[in-house]
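As provided, my_file28.pdb (PDB, C-alpha atoms) reads as follows.
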MODEL        1
ATOM      1  CA  MET A 187     -22.166  16.150 119.737  1.00  0.00           C
ATOM      2  CA  SER A 188     -21.800  15.080 116.134  1.00  0.00           C
ATOM      3  CA  ASP A 189     -18.545  14.850 114.146  1.00  0.00           C
ATOM      4  CA  ARG A 190     -19.664  17.865 112.105  1.00  0.00           C
ATOM      5  CA  SER A 191     -19.793  20.139 115.118  1.00  0.00           C
ATOM      6  CA  ALA A 192     -16.162  19.266 116.005  1.00  0.00           C
ATOM      7  CA  MET A 193     -14.897  20.502 112.604  1.00  0.00           C
ATOM      8  CA  PRO A 194     -14.902  24.247 111.926  1.00  0.00           C
ATOM      9  CA  ASN A 195     -17.175  25.182 109.090  1.00  0.00           C
ATOM     10  CA  ARG A 196     -15.810  25.676 105.573  1.00  0.00           C
ATOM     11  CA  PRO A 197     -15.325  29.481 105.703  1.00  0.00           C
ATOM     12  CA  ILE A 198     -13.385  29.210 108.970  1.00  0.00           C
ATOM     13  CA  ARG A 199     -11.171  26.393 107.597  1.00  0.00           C
ATOM     14  CA  LYS A 200     -10.522  28.447 104.463  1.00  0.00           C
ATOM     15  CA  ALA A 201      -9.595  31.499 106.558  1.00  0.00           C
ATOM     16  CA  LEU A 202      -7.229  29.389 108.703  1.00  0.00           C
ATOM     17  CA  LEU A 203      -5.547  27.954 105.597  1.00  0.00           C
ATOM     18  CA  ILE A 204      -5.148  31.364 103.983  1.00  0.00           C
ATOM     19  CA  GLY A 205      -3.778  32.761 107.243  1.00  0.00           C
ATOM     20  CA  ALA A 206      -1.223  29.953 107.523  1.00  0.00           C
ATOM     21  CA  LEU A 207      -0.115  30.399 103.912  1.00  0.00           C
ATOM     22  CA  LEU A 208       0.139  34.150 104.360  1.00  0.00           C
ATOM     23  CA  ALA A 209       2.219  33.707 107.523  1.00  0.00           C
ATOM     24  CA  MET A 210       4.602  31.370 105.666  1.00  0.00           C
ATOM     25  CA  ALA A 211       4.915  33.825 102.782  1.00  0.00           C
ATOM     26  CA  VAL A 212       5.574  36.768 105.093  1.00  0.00           C
ATOM     27  CA  ALA A 213       8.181  34.782 107.031  1.00  0.00           C
ATOM     28  CA  GLY A 214       9.857  33.753 103.772  1.00  0.00           C
ATOM     29  CA  ALA A 215       9.506  30.112 104.662  1.00  0.00           C
ATOM     30  CA  GLN A 216       9.990  27.642 101.896  1.00  0.00           C
ATOM     31  CA  PRO A 217      10.693  23.931 101.963  1.00  0.00           C
ATOM     32  CA  ALA A 218      14.357  22.915 102.186  1.00  0.00           C
ATOM     33  CA  SER A 219      14.079  21.142  98.838  1.00  0.00           C
ATOM     34  CA  ALA A 220      13.152  24.437  97.167  1.00  0.00           C
ATOM     35  CA  ARG A 221      16.150  26.260  98.678  1.00  0.00           C
ATOM     36  CA  GLY A 222      18.637  23.672  97.457  1.00  0.00           C
ATOM     37  CA  PRO A 223      22.000  22.956  99.026  1.00  0.00           C
ATOM     38  CA  VAL A 224      24.220  25.755 100.239  1.00  0.00           C
ATOM     39  CA  LEU A 225      27.562  25.249  98.558  1.00  0.00           C
ATOM     40  CA  PRO A 226      30.804  26.566 100.026  1.00  0.00           C
ATOM     41  CA  GLU A 227      32.627  29.307  98.170  1.00  0.00           C
ATOM     42  CA  ILE A 228      35.642  28.154  96.145  1.00  0.00           C
ATOM     43  CA  ARG A 229      37.230  31.627  96.227  1.00  0.00           C
ATOM     44  CA  LEU A 230      38.750  33.005  99.411  1.00  0.00           C
ATOM     45  CA  ALA A 231      37.758  36.526 100.359  1.00  0.00           C
ATOM     46  CA  PRO A 232      40.495  38.880 101.560  1.00  0.00           C
ATOM     47  CA  GLY A 233      41.527  37.857 105.060  1.00  0.00           C
ATOM     48  CA  GLN A 234      40.199  34.303 104.692  1.00  0.00           C
ATOM     49  CA  ALA A 235      42.471  31.281 104.574  1.00  0.00           C
ATOM     50  CA  VAL A 236      42.304  27.518 104.365  1.00  0.00           C
ATOM     51  CA  PRO A 237      42.055  26.196 107.944  1.00  0.00           C
ATOM     52  CA  ALA A 238      45.470  25.866 109.619  1.00  0.00           C
ATOM     53  CA  CYS A 239      44.914  22.156 110.288  1.00  0.00           C
ATOM     54  CA  VAL A 240      44.939  21.520 106.521  1.00  0.00           C
ATOM     55  CA  THR A 241      48.549  21.122 105.459  1.00  0.00           C
ATOM     56  CA  PRO A 242      50.225  19.712 102.362  1.00  0.00           C
ATOM     57  CA  SER A 243      51.835  16.956 104.434  1.00  0.00           C
ATOM     58  CA  ARG A 244      48.468  15.860 105.871  1.00  0.00           C
ATOM     59  CA  LEU A 245      46.854  15.842 102.438  1.00  0.00           C
ATOM     60  CA  ASN A 246      49.775  13.890 100.957  1.00  0.00           C
ATOM     61  CA  ARG A 247      49.548  11.400 103.826  1.00  0.00           C
ATOM     62  CA  HIS A 248      45.819  10.967 103.158  1.00  0.00           C
ATOM     63  CA  LEU A 249      46.603  10.315  99.494  1.00  0.00           C
ATOM     64  CA  THR A 250      49.433   7.826 100.080  1.00  0.00           C
ATOM     65  CA  GLU A 251      47.429   5.872 102.660  1.00  0.00           C
ATOM     66  CA  ARG A 252      44.793   5.172 100.003  1.00  0.00           C
ATOM     67  CA  THR A 253      46.872   4.802  96.852  1.00  0.00           C
ATOM     68  CA  ASN A 254      48.993   1.797  95.959  1.00  0.00           C
ATOM     69  CA  ASN A 255      51.928   2.441  93.636  1.00  0.00           C
ATOM     70  CA  LEU A 256      51.667   6.234  93.595  1.00  0.00           C
ATOM     71  CA  ASP A 257      53.545   7.713  90.635  1.00  0.00           C
ATOM     72  CA  PRO A 258      56.654   9.467  92.061  1.00  0.00           C
ATOM     73  CA  ARG A 259      55.671  12.659  90.199  1.00  0.00           C
ATOM     74  CA  PHE A 260      52.710  12.977  92.573  1.00  0.00           C
ATOM     75  CA  ARG A 261      54.551  12.510  95.898  1.00  0.00           C
ATOM     76  CA  ASP A 262      54.594  16.246  96.626  1.00  0.00           C
ATOM     77  CA  ILE A 263      51.384  17.205  94.823  1.00  0.00           C
ATOM     78  CA  ALA A 264      49.664  18.927  97.767  1.00  0.00           C
ATOM     79  CA  ARG A 265      52.507  21.457  97.953  1.00  0.00           C
ATOM     80  CA  TYR A 266      51.582  22.624  94.436  1.00  0.00           C
ATOM     81  CA  TYR A 267      47.925  22.880  95.429  1.00  0.00           C
ATOM     82  CA  LYS A 268      48.843  25.201  98.292  1.00  0.00           C
ATOM     83  CA  LEU A 269      51.261  27.225  96.143  1.00  0.00           C
ATOM     84  CA  HIS A 270      48.780  27.878  93.320  1.00  0.00           C
ATOM     85  CA  GLY A 271      45.736  28.065  95.584  1.00  0.00           C
ATOM     86  CA  GLU A 272      47.157  30.803  97.765  1.00  0.00           C
ATOM     87  CA  ALA A 273      48.295  32.781  94.714  1.00  0.00           C
ATOM     88  CA  LEU A 274      44.807  32.551  93.151  1.00  0.00           C
ATOM     89  CA  ARG A 275      42.794  32.842  96.420  1.00  0.00           C
ATOM     90  CA  ILE A 276      41.268  29.381  95.826  1.00  0.00           C
ATOM     91  CA  ARG A 277      40.254  26.874  98.486  1.00  0.00           C
ATOM     92  CA  TRP A 278      43.143  24.640  97.506  1.00  0.00           C
ATOM     93  CA  ASP A 279      41.995  21.936  99.917  1.00  0.00           C
ATOM     94  CA  TYR A 280      38.690  21.693  98.013  1.00  0.00           C
ATOM     95  CA  ALA A 281      40.593  21.536  94.717  1.00  0.00           C
ATOM     96  CA  PHE A 282      42.787  18.764  96.130  1.00  0.00           C
ATOM     97  CA  TYR A 283      39.741  16.678  97.058  1.00  0.00           C
ATOM     98  CA  GLN A 284      38.176  17.358  93.666  1.00  0.00           C
ATOM     99  CA  MET A 285      41.347  15.887  92.127  1.00  0.00           C
ATOM    100  CA  LEU A 286      41.055  12.801  94.344  1.00  0.00           C
ATOM    101  CA  LEU A 287      37.505  12.229  93.108  1.00  0.00           C
ATOM    102  CA  GLU A 288      38.209  13.002  89.441  1.00  0.00           C
ATOM    103  CA  THR A 289      41.280  10.749  89.269  1.00  0.00           C
ATOM    104  CA  ASN A 290      40.209   8.086  91.781  1.00  0.00           C
ATOM    105  CA  TYR A 291      43.131   8.973  94.059  1.00  0.00           C
ATOM    106  CA  LEU A 292      45.484   9.437  91.097  1.00  0.00           C
ATOM    107  CA  SER A 293      44.955   5.863  89.909  1.00  0.00           C
ATOM    108  CA  TYR A 294      43.044   7.192  86.869  1.00  0.00           C
ATOM    109  CA  LYS A 295      40.962   4.024  86.978  1.00  0.00           C
ATOM    110  CA  THR A 296      37.218   3.615  87.185  1.00  0.00           C
ATOM    111  CA  GLY A 297      35.535   1.977  90.140  1.00  0.00           C
ATOM    112  CA  SER A 298      35.620  -1.322  88.256  1.00  0.00           C
ATOM    113  CA  GLY A 299      39.405  -1.084  87.828  1.00  0.00           C
ATOM    114  CA  ARG A 300      39.422  -0.165  84.124  1.00  0.00           C
ATOM    115  CA  TRP A 301      41.393   2.825  82.896  1.00  0.00           C
ATOM    116  CA  GLY A 302      39.427   6.061  82.589  1.00  0.00           C
ATOM    117  CA  ASP A 303      39.578   8.454  79.644  1.00  0.00           C
ATOM    118  CA  VAL A 304      42.496  10.507  81.004  1.00  0.00           C
ATOM    119  CA  ASP A 305      46.038   9.123  81.064  1.00  0.00           C
ATOM    120  CA  PRO A 306      48.180  10.062  84.096  1.00  0.00           C
ATOM    121  CA  LYS A 307      50.840  11.490  81.757  1.00  0.00           C
ATOM    122  CA  GLN A 308      48.352  14.186  80.662  1.00  0.00           C
ATOM    123  CA  ASN A 309      48.630  15.921  84.065  1.00  0.00           C
ATOM    124  CA  ASN A 310      44.892  16.605  83.821  1.00  0.00           C
ATOM    125  CA  PHE A 311      43.569  16.474  87.380  1.00  0.00           C
ATOM    126  CA  ALA A 312      40.019  17.674  86.757  1.00  0.00           C
ATOM    127  CA  GLY A 313      39.035  15.874  83.563  1.00  0.00           C
ATOM    128  CA  ILE A 314      39.167  19.161  81.647  1.00  0.00           C
ATOM    129  CA  GLY A 315      37.917  18.482  78.129  1.00  0.00           C
ATOM    130  CA  THR A 316      36.871  14.890  78.726  1.00  0.00           C
ATOM    131  CA  THR A 317      33.353  14.071  77.677  1.00  0.00           C
ATOM    132  CA  GLY A 318      33.344  10.302  78.102  1.00  0.00           C
ATOM    133  CA  GLY A 319      33.457   7.589  75.496  1.00  0.00           C
ATOM    134  CA  GLY A 320      37.251   7.615  75.276  1.00  0.00           C
ATOM    135  CA  VAL A 321      37.740  11.365  74.721  1.00  0.00           C
ATOM    136  CA  PRO A 322      40.995  12.021  76.601  1.00  0.00           C
ATOM    137  CA  GLY A 323      40.630  15.759  77.214  1.00  0.00           C
ATOM    138  CA  ASP A 324      43.378  18.328  77.616  1.00  0.00           C
ATOM    139  CA  SER A 325      47.047  17.659  78.382  1.00  0.00           C
ATOM    140  CA  PHE A 326      49.456  19.820  80.352  1.00  0.00           C
ATOM    141  CA  PRO A 327      53.274  19.725  80.309  1.00  0.00           C
ATOM    142  CA  ASP A 328      53.815  19.015  84.014  1.00  0.00           C
ATOM    143  CA  VAL A 329      52.075  18.473  87.353  1.00  0.00           C
ATOM    144  CA  SER A 330      52.241  22.139  88.361  1.00  0.00           C
ATOM    145  CA  SER A 331      50.685  23.308  85.064  1.00  0.00           C
ATOM    146  CA  GLY A 332      47.928  20.729  85.349  1.00  0.00           C
ATOM    147  CA  LEU A 333      47.040  21.910  88.850  1.00  0.00           C
ATOM    148  CA  LEU A 334      47.079  25.532  87.756  1.00  0.00           C
ATOM    149  CA  ALA A 335      44.731  24.657  84.873  1.00  0.00           C
ATOM    150  CA  GLN A 336      42.377  22.918  87.323  1.00  0.00           C
ATOM    151  CA  MET A 337      42.273  25.978  89.570  1.00  0.00           C
ATOM    152  CA  GLN A 338      41.700  28.303  86.624  1.00  0.00           C
ATOM    153  CA  HIS A 339      38.820  26.043  85.606  1.00  0.00           C
ATOM    154  CA  LEU A 340      37.339  26.395  89.099  1.00  0.00           C
ATOM    155  CA  ILE A 341      37.637  30.182  88.826  1.00  0.00           C
ATOM    156  CA  ALA A 342      35.729  30.068  85.514  1.00  0.00           C
ATOM    157  CA  TYR A 343      33.022  27.942  87.125  1.00  0.00           C
ATOM    158  CA  SER A 344      32.759  30.463  89.979  1.00  0.00           C
ATOM    159  CA  GLY A 345      31.639  32.971  87.352  1.00  0.00           C
ATOM    160  CA  GLU A 346      34.870  34.926  86.960  1.00  0.00           C
ATOM    161  CA  ARG A 347      36.823  35.339  83.753  1.00  0.00           C
ATOM    162  CA  VAL A 348      40.326  33.905  83.504  1.00  0.00           C
ATOM    163  CA  ALA A 349      42.618  36.211  81.540  1.00  0.00           C
ATOM    164  CA  LYS A 350      45.217  33.732  80.241  1.00  0.00           C
ATOM    165  CA  PRO A 351      43.939  30.211  80.896  1.00  0.00           C
ATOM    166  CA  LEU A 352      46.099  27.180  80.285  1.00  0.00           C
ATOM    167  CA  ALA A 353      42.997  25.358  79.026  1.00  0.00           C
ATOM    168  CA  PRO A 354      41.073  27.469  76.467  1.00  0.00           C
ATOM    169  CA  ARG A 355      37.717  26.255  77.783  1.00  0.00           C
ATOM    170  CA  SER A 356      38.558  27.865  81.145  1.00  0.00           C
ATOM    171  CA  SER A 357      38.433  31.451  79.882  1.00  0.00           C
ATOM    172  CA  GLY A 358      34.971  31.741  81.405  1.00  0.00           C
ATOM    173  CA  ALA A 359      33.525  33.976  78.687  1.00  0.00           C
ATOM    174  CA  PRO A 360      30.774  31.680  77.360  1.00  0.00           C
ATOM    175  CA  ARG A 361      30.481  29.789  80.633  1.00  0.00           C
ATOM    176  CA  CYS A 362      29.790  32.979  82.627  1.00  0.00           C
ATOM    177  CA  ALA A 363      26.748  33.814  80.529  1.00  0.00           C
ATOM    178  CA  ARG A 364      25.418  30.248  80.873  1.00  0.00           C
ATOM    179  CA  LEU A 365      25.971  30.300  84.649  1.00  0.00           C
ATOM    180  CA  GLU A 366      24.201  33.645  85.028  1.00  0.00           C
ATOM    181  CA  ARG A 367      21.195  32.423  83.009  1.00  0.00           C
ATOM    182  CA  CYS A 368      21.178  29.186  84.966  1.00  0.00           C
ATOM    183  CA  ALA A 369      21.376  30.983  88.316  1.00  0.00           C
ATOM    184  CA  ARG A 370      18.389  33.154  87.381  1.00  0.00           C
ATOM    185  CA  SER A 371      16.316  30.203  86.244  1.00  0.00           C
ATOM    186  CA  SER A 372      17.343  27.744  88.971  1.00  0.00           C
ATOM    187  CA  ALA A 373      14.933  29.373  91.404  1.00  0.00           C
ATOM    188  CA  ALA A 374      12.158  28.377  89.015  1.00  0.00           C
ATOM    189  CA  GLY A 375      13.521  24.834  88.756  1.00  0.00           C
ATOM    190  CA  ARG A 376      14.377  25.156  85.074  1.00  0.00           C
ATOM    191  CA  CYS A 377      18.147  24.687  85.245  1.00  0.00           C
ATOM    192  CA  SER A 378      20.129  21.576  84.518  1.00  0.00           C
ATOM    193  CA  TRP A 379      23.812  21.642  85.460  1.00  0.00           C
ATOM    194  CA  SER A 380      24.746  18.547  83.496  1.00  0.00           C
TER     195      SER A 380
ENDMDL
END

Would you write the structure of this file as structure tokens?
Amino acid sequence: MSDRSAMPNRPIRKALLIGALLAMAVAGAQPASARGPVLPEIRLAPGQAVPACVTPSRLNRHLTERTNNLDPRFRDIARYYKLHGEALRIRWDYAFYQMLLETNYLSYKTGSGRWGDVDPKQNNFAGIGTTGGGVPGDSFPDVSSGLLAQMQHLIAYSGERVAKPLAPRSSGAPRCARLERCARSSAAGRCSWS
């Protein structure tokens, strides 16, 4: 028996390929890379809550275990996250960890140890208004206001409008339109979030 007889002829191979592609299309199968990551919701639906194991004291302990010389203003910071997060229906634990990343655990220093663009006295926990190159971004009068501004910014990024934002760029009006256009075009791979 020759090698040719072991292979189905061209029309049969073509039919098998078309059948496999049709089966994938009918099943809605697409590669994981095309689906993209599934991101958790930042807003809590009615009846949802941050898991009970997440407490302000545990988050503060996590922070103090990793931060030398923590500014005394930040000792009780997780309490404010819970306070504002519950009032706004925000996953305040996610916002807390965003703050840790944005501020390098409230050191406000880069990975190389140099100061970043935001000064700790600005109470800006999400880099709102910073664009790099020394642009300091927005300032807020106290820790609580800075956290509220961060959460309002997250609401704007979730696609909702913020009625009276502490940071003007968090109103959501222009951002909502950009996010909607981006969401429609992301399926086609034409969206850049940066």

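What the PyMOL selection byres ((chain A and resi 322) around 10) matches in the given file is A:Gly302, A:Asp303, A:Val304, A:Asp305, A:Gln308, A:Asn310, A:Gly313, A:Ile314, A:Gly315, A:Thr316, A:Thr317, A:Gly318, A:Gly319, A:Gly320, A:Val321, A:Gly323, A:Asp324, A:Ser325.
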
Restricting it to C-alpha atoms, dump the selection as an mmCIF file, keeping the file's coordinate frame.
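The resulting file, out-v5.cif, is shown below:
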data_model
loop_
_atom_site.group_PDB
_atom_site.id
_atom_site.type_symbol
_atom_site.label_atom_id
_atom_site.label_comp_id
_atom_site.auth_asym_id
_atom_site.auth_seq_id
_atom_site.Cartn_x
_atom_site.Cartn_y
_atom_site.Cartn_z
ATOM 1 C CA GLY A 302 39.427 6.061 82.589
ATOM 2 C CA ASP A 303 39.578 8.454 79.644
ATOM 3 C CA VAL A 304 42.496 10.507 81.004
ATOM 4 C CA ASP A 305 46.038 9.123 81.064
ATOM 5 C CA GLN A 308 48.352 14.186 80.662
ATOM 6 C CA ASN A 310 44.892 16.605 83.821
ATOM 7 C CA GLY A 313 39.035 15.874 83.563
ATOM 8 C CA ILE A 314 39.167 19.161 81.647
ATOM 9 C CA GLY A 315 37.917 18.482 78.129
ATOM 10 C CA THR A 316 36.871 14.890 78.726
ATOM 11 C CA THR A 317 33.353 14.071 77.677
ATOM 12 C CA GLY A 318 33.344 10.302 78.102
ATOM 13 C CA GLY A 319 33.457 7.589 75.496
ATOM 14 C CA GLY A 320 37.251 7.615 75.276
ATOM 15 C CA VAL A 321 37.740 11.365 74.721
ATOM 16 C CA GLY A 323 40.630 15.759 77.214
ATOM 17 C CA ASP A 324 43.378 18.328 77.616
ATOM 18 C CA SER A 325 47.047 17.659 78.382
#

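Minimum distance to Val240 of chain A across A:Arg252, A:Arg347, A:Arg261, A:Arg277 (counting all atoms listed in the file) occurs at A:Arg277.
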
Picked residues, the PyMOL selection byres ((chain A and resi 249) around 10), expected as a ChimeraX atom specification: /A:243-248,250-254,256,260-261,263-264,282-283,286,291-292

Those selected residues, please, written with C-alpha atoms and delivered as a compact mmCIF listing (two decimals), keeping the file's coordinate frame.
# COMPACT_ATOMS: atom_id res chain seq x y z
CA SER A 243 51.84 16.96 104.43
CA ARG A 244 48.47 15.86 105.87
CA LEU A 245 46.85 15.84 102.44
CA ASN A 246 49.78 13.89 100.96
CA ARG A 247 49.55 11.40 103.83
CA HIS A 248 45.82 10.97 103.16
CA THR A 250 49.43 7.83 100.08
CA GLU A 251 47.43 5.87 102.66
CA ARG A 252 44.79 5.17 100.00
CA THR A 253 46.87 4.80 96.85
CA ASN A 254 48.99 1.80 95.96
CA LEU A 256 51.67 6.23 93.60
CA PHE A 260 52.71 12.98 92.57
CA ARG A 261 54.55 12.51 95.90
CA ILE A 263 51.38 17.20 94.82
CA ALA A 264 49.66 18.93 97.77
CA PHE A 282 42.79 18.76 96.13
CA TYR A 283 39.74 16.68 97.06
CA LEU A 286 41.06 12.80 94.34
CA TYR A 291 43.13 8.97 94.06
CA LEU A 292 45.48 9.44 91.10

Nearest to Leu352 of chain A by atom-to-atom distance, counting all atoms listed in the file, from A:Arg259, A:Arg275, A:His270, A:His339: A:His339

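Using only C-alpha atoms, the shortest contact distance between Ala231 of chain A and any of A:Ile276, A:Gly332, A:Ala342, A:Val348 is found at A:Ile276.
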
Who sits within 10 Å of Arg229 of chain A, only C-alpha atoms, same chain under 4 positions skipped, as an MDAnalysis selection string: chainID A and resid 234:235 271 274:278 340:341 344

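Between atom CA of Phe311 of chain A and atom CA of Met285 of chain A lies a distance of 5.3 Å.
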
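Using only C-alpha atoms, the nearest neighbour of Ser331 of chain A within the list A:Ser357, A:Ser298, A:Asn290, A:Asn309 is A:Asn309.
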
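Counting only C-alpha atoms, the residue from A:Ser293, A:Thr241, A:Asn255, A:Ser356 that sits nearest to Asp279 of chain A is A:Thr241.
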
Could you give me the centre and size, in Å to one decimal, of an axis-aligned box around all listed atoms of segment 232-247 of chain A with 6 Å added on every side, as AutoDock Vina command-line options?
--center_x 46.0 --center_y 25.1 --center_z 105.6 --size_x 23.6 --size_y 39.5 --size_z 21.3

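Between atom CA of Asp262 of chain A and atom CA of Ile228 of chain A lies a distance of 22.4 Å.
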
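Atom pair atom CA of Gln284 of chain A / atom CA of Ala312 of chain A has a distance of 7.2 Å (rounded to one decimal).
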
Which residue of A:Leu230, A:Val236, A:Ala273, A:Val329 approaches Asp257 of chain A most closely, using all atoms listed in the file: A:Val329
